[in-house]
Amino acid sequence: MKILVTGGAGFVGFNLLCYLKDSYPTYQLLAYDNLKRLGSEQNVPSLLARGIEFVHGDIRNAQELQQVGAVDVIIHCASDASVLGGITSSSELIVQNNLLGSINVFEYAAQCNAKLVYFSTNRIYSCESLNALAYMEQETRFTLEENQQLAGVSDQGISEQFPILLSKTFYGATKYCGEVLLQEYAAYKGLQYVVNRFGVISGKGQFGMESQGVIAYWLRQHLEKKPLKYIGFGGSGKQVRDALHVADVCALVDLQLQHFDSVQGNVFNAGGGYANSFSLLELTGYCEALTGNSVPIQVVADQRAGDIPIYYTDNSHVTAALGWVPQRSIHDILSDLLDWLDPTAKISFPG
Ligand SMILES: NC(=O)c1ccc[n+]([C@@H]2O[C@H](COP(=O)([O-])OP(=O)(O)OC[C@H]3O[C@@H](n4cnc5c(N)ncnc54)[C@H](O)[C@@H]3O)[C@@H](O)[C@H]2O)c1
């Protein structure tokens, strides 16, 4: 078995490769990454030391990618993974990375008849529709009202039936275009794939940069006693997300590879779910308790583009298909991150 992980030096790709190496020592594993993400280069020696091959390459370059040779499975993680990508930075760049780069990956997968696991995102759901959810304000968080006008929302959270068509950010749109094209690659080029629309993923290996996910960022700011902001929704800090431990992501991908024939062609929402949901206000409390530090938090009442009040994942579809449910809590995530971000650790954390 030969498996290529695009973005293999990034947070999720690196964790996946380490998990696969530990679980299947005889597999041939390759990381393919252009090391664009600050800090990814620090994972390369660790990959090599584990016997995982590293190829320094860019998915935007089709020829470079094809030079890797035939593989059995591609796990496609390479991406410009910032929700604000294309809004506060070049929109052309995010389209090239996430869409044109993905097309090269799909072509390559179809040519070598490789099974493909596509890392998509819950940000493919329309921001406008997420902002139209009926919710109420409680002491520490927003909660969904019982009666909703939109499809795909229940007390279980947001399912795959939630509206997609309206605007969703460049990040969400480029990821969704990839999903749409995968259907065509399956129909006309025989490509077999699974799509995972992940929520917030967190755990060891995240550097706590703002663009890389809120949980590690919040904890690192507390550890380093640096200020934070509650942005949007009146600055209350009551917006809600769910947290998924990266080890649960690895377990899910493993199950999908084991049962590929029965799940191929499926699109799954996968996230921490209601049990692992949190508001920023609650996250602040957890970080204060863990670090013993409290930091100034500025209130910024106005929303930024792409902000949403509440999202937690309805995992019913993926649970029914594979029996997968997240095993680790947000508290497990935070304590693993605390070990990793410990300022005495011998890792250099990018600023
Ligand atoms: N982390 C999350 O919370 C989250 C949530 C939902 C979906 N996802 C998806 O999971 C995947 C992995 O995310 P992550 O958190 O590990 O991000 P990351 O930024 O840590 O890793 C992405 C890696 O891809 C590499 N890369 C970027 N553009 C590339 C290119 N053109 N060619 C080759 N390599 C390139 C980067 O250098 C980086 O190492 C992404 O597709 C992301 O959209 C992540």
# chains A, B, ... in the order shown; residues from 1 in each chain; ligands from 1
$ residues_around --residues "Trp218 (chain A)" --least-positions-apart "4" --cutoff "10 Å" --atoms "only C-alpha atoms" --output "list in words"
Gly208, Met209, Glu210, Gly213, Val214, His222, Leu223, Lys226, Pro227, Leu228, Lys229, Leu280, Leu283, Thr284, Tyr286 and Cys287 of chain A
$ write_last_selection --atoms "C-alpha atoms" --output "compact mmCIF listing (two decimals), in the first residue's frame"
# COMPACT_ATOMS: atom_id res chain seq x y z
CA GLY A 208 -1.36 28.78 17.81
CA MET A 209 -1.23 31.30 14.96
CA GLU A 210 -4.48 33.19 14.50
CA GLY A 213 -7.66 27.73 14.29
CA VAL A 214 -9.18 29.40 17.29
CA HIS A 222 -3.26 32.91 27.47
CA LEU A 223 0.08 31.12 27.93
CA LYS A 226 -1.21 38.39 25.20
CA PRO A 227 -4.51 40.19 24.44
CA LEU A 228 -7.47 38.77 22.53
CA LYS A 229 -10.62 40.13 20.89
CA LEU A 280 -15.38 31.89 22.97
CA LEU A 283 -13.08 28.82 25.92
CA THR A 284 -11.67 31.79 27.81
CA TYR A 286 -11.13 26.85 30.13
CA CYS A 287 -7.88 28.61 29.16
$ residues_around --residues "Gln264 (chain A)" --least-positions-apart "2" --cutoff "6 Å" --atoms "only C-alpha atoms" --output "JSON, numbers by chain"
{"A": [192, 193, 194, 260, 261, 262, 266]}
$ residues_around --residues "Trp324 (chain A)" --least-positions-apart "3" --cutoff "7 Å" --atoms "only C-alpha atoms" --output "list in words"
Leu252, Val318 and Thr319 of chain A
$ write_last_selection --atoms "C-alpha atoms" --output "JSON list (two decimals), in the first residue's frame"
[["chain", "number", "residue", "atom", "x", "y", "z"],
["A", 252, "LEU", "CA", -12.11, 8.40, 10.77],
["A", 318, "VAL", "CA", -21.00, 9.43, 9.24],
["A", 319, "THR", "CA", -21.97, 7.62, 12.45]]
$ select_by_dssp --residues "region 42-246 of chain A" --states "alpha helix (DSSP H)" --output "count of residues only"
62
$ residues_near_ligand --ligand "ligand 1" --cutoff "7 Å" --atoms "only C-alpha atoms and all ligand atoms" --output "number ranges by chain"
A: 6-13, 32-37, 40, 57-60, 76-81, 97, 101, 119-122, 197-202, 212-213
$ atom_distance --atom1 "CA of Tyr125 (chain A)" --atom2 "CA of Gln161 (chain A)"
9.5 Å
$ atom_distance --atom1 "CA of Leu29 (chain A)" --atom2 "CA of Gln206 (chain A)"
21.6 Å
$ atom_distance --atom1 "CA of Asn113 (chain A)" --atom2 "CA of Lys189 (chain A)"
9.3 Å
$ select_by_dssp --residues "region 211-283 of chain A" --states "strand (DSSP E or B)" --output "list of chain:residue names"
A:Leu228, A:Lys229, A:Tyr230, A:Ile231, A:Val240, A:Arg241, A:Asp242, A:Ala243, A:Leu244, A:His245, A:Val267, A:Phe268, A:Asn269, A:Ala270, A:Ser277, A:Phe278, A:Ser279
$ closest_residue --among "A:Gln258, A:Asn196, A:Thr169, A:Thr291" --to "Ile87 (chain A)" --atoms "only C-alpha atoms"
A:Thr169
$ residues_around --residues "region 102-111 of chain A" --least-positions-apart "2" --cutoff "7 Å" --atoms "only C-alpha atoms" --output "ChimeraX atom specification"
/A:59-60,62,66,74,98-100,113-116,178,189-191
$ write_last_selection --atoms "N, CA and C atoms" --output "CSV table (one decimal), in the first residue's frame"
chain,number,residue,atom,x,y,z
A,59,ILE,N,1.1,21.5,-5.4
A,59,ILE,CA,0.0,20.9,-6.2
A,59,ILE,C,-0.4,21.7,-7.4
A,60,ARG,N,0.0,23.0,-7.4
A,60,ARG,CA,-0.3,23.8,-8.6
A,60,ARG,C,0.5,23.4,-9.8
A,62,ALA,N,1.3,20.5,-12.1
A,62,ALA,CA,0.8,19.1,-12.4
A,62,ALA,C,1.9,18.2,-12.7
A,66,GLN,N,2.9,14.6,-10.8
A,66,GLN,CA,2.9,13.3,-11.5
A,66,GLN,C,4.2,12.6,-11.4
A,74,ILE,N,-4.7,8.7,-2.2
A,74,ILE,CA,-4.2,10.1,-2.0
A,74,ILE,C,-5.2,10.7,-0.9
A,98,ASN,N,-6.4,26.2,-3.9
A,98,ASN,CA,-7.5,25.3,-3.4
A,98,ASN,C,-8.2,24.7,-4.6
A,99,LEU,N,-8.4,25.4,-5.7
A,99,LEU,CA,-9.2,24.8,-6.8
A,99,LEU,C,-8.3,24.3,-7.9
A,100,LEU,N,-7.4,25.1,-8.5
A,100,LEU,CA,-6.6,24.6,-9.6
A,100,LEU,C,-5.6,23.5,-9.1
A,113,ASN,N,-5.4,5.7,-10.9
A,113,ASN,CA,-6.5,4.9,-10.3
A,113,ASN,C,-6.4,4.9,-8.8
A,114,ALA,N,-6.0,6.0,-8.2
A,114,ALA,CA,-5.9,6.0,-6.7
A,114,ALA,C,-7.2,6.4,-6.0
A,115,LYS,N,-7.5,5.8,-4.9
A,115,LYS,CA,-8.6,6.3,-4.1
A,115,LYS,C,-8.3,7.6,-3.5
A,116,LEU,N,-9.3,8.5,-3.4
A,116,LEU,CA,-9.0,9.8,-2.9
A,116,LEU,C,-9.9,10.2,-1.7
A,178,GLY,N,-14.3,22.1,-5.5
A,178,GLY,CA,-13.6,20.8,-5.6
A,178,GLY,C,-14.5,19.6,-5.4
A,189,LYS,N,-14.4,9.8,-15.2
A,189,LYS,CA,-13.0,9.3,-15.2
A,189,LYS,C,-12.8,8.2,-14.2
A,190,GLY,N,-13.9,7.8,-13.6
A,190,GLY,CA,-13.9,6.6,-12.7
A,190,GLY,C,-13.2,6.8,-11.4
A,191,LEU,N,-13.0,8.1,-11.0
A,191,LEU,CA,-12.3,8.4,-9.7
A,191,LEU,C,-13.2,8.0,-8.5
$ residues_around --residues "region 325-329 of chain A" --least-positions-apart "2" --cutoff "6 Å" --atoms "only C-alpha atoms" --output "VMD selection string"
chain A and resid 248 276 331 to 332
$ closest_residue --among "A:Glu282, A:Asp307, A:Glu184, A:Asp339" --to "Glu139 (chain A)" --atoms "only C-alpha atoms"
A:Glu282
$ residues_around --residues "Arg123 (chain A)" --least-positions-apart "6" --cutoff "10 Å" --atoms "only C-alpha atoms" --output "PDB file with C-alpha atoms, in the first residue's frame"
ATOM      1  CA  VAL A  83     -11.330  31.314   6.326  1.00  0.00           C
ATOM      2  CA  LEU A 130     -25.791  30.284   8.895  1.00  0.00           C
ATOM      3  CA  ILE A 164     -24.984  25.678   0.269  1.00  0.00           C
ATOM      4  CA  LYS A 168     -19.675  31.243   1.765  1.00  0.00           C
ATOM      5  CA  THR A 169     -16.179  32.906   1.618  1.00  0.00           C
ATOM      6  CA  PHE A 170     -13.477  32.209  -0.986  1.00  0.00           C
ATOM      7  CA  TYR A 171     -12.157  29.418   1.206  1.00  0.00           C
ATOM      8  CA  GLY A 172     -15.531  27.658   1.375  1.00  0.00           C
ATOM      9  CA  ALA A 173     -16.284  28.296  -2.294  1.00  0.00           C
ATOM     10  CA  LYS A 175     -13.358  23.831  -1.381  1.00  0.00           C
ATOM     11  CA  TYR A 176     -16.943  23.347  -2.576  1.00  0.00           C
ATOM     12  CA  ARG A 197     -16.600  18.373   5.600  1.00  0.00           C
ATOM     13  CA  PHE A 198     -14.701  18.917   8.804  1.00  0.00           C
ATOM     14  CA  GLY A 199     -15.438  21.435  11.542  1.00  0.00           C
ATOM     15  CA  GLY A 306     -17.345  35.275   6.961  1.00  0.00           C
ATOM     16  CA  ILE A 308     -21.059  33.051  11.790  1.00  0.00           C
ATOM     17  CA  TYR A 311     -22.115  25.927  14.129  1.00  0.00           C
TER      18      TYR A 311
END
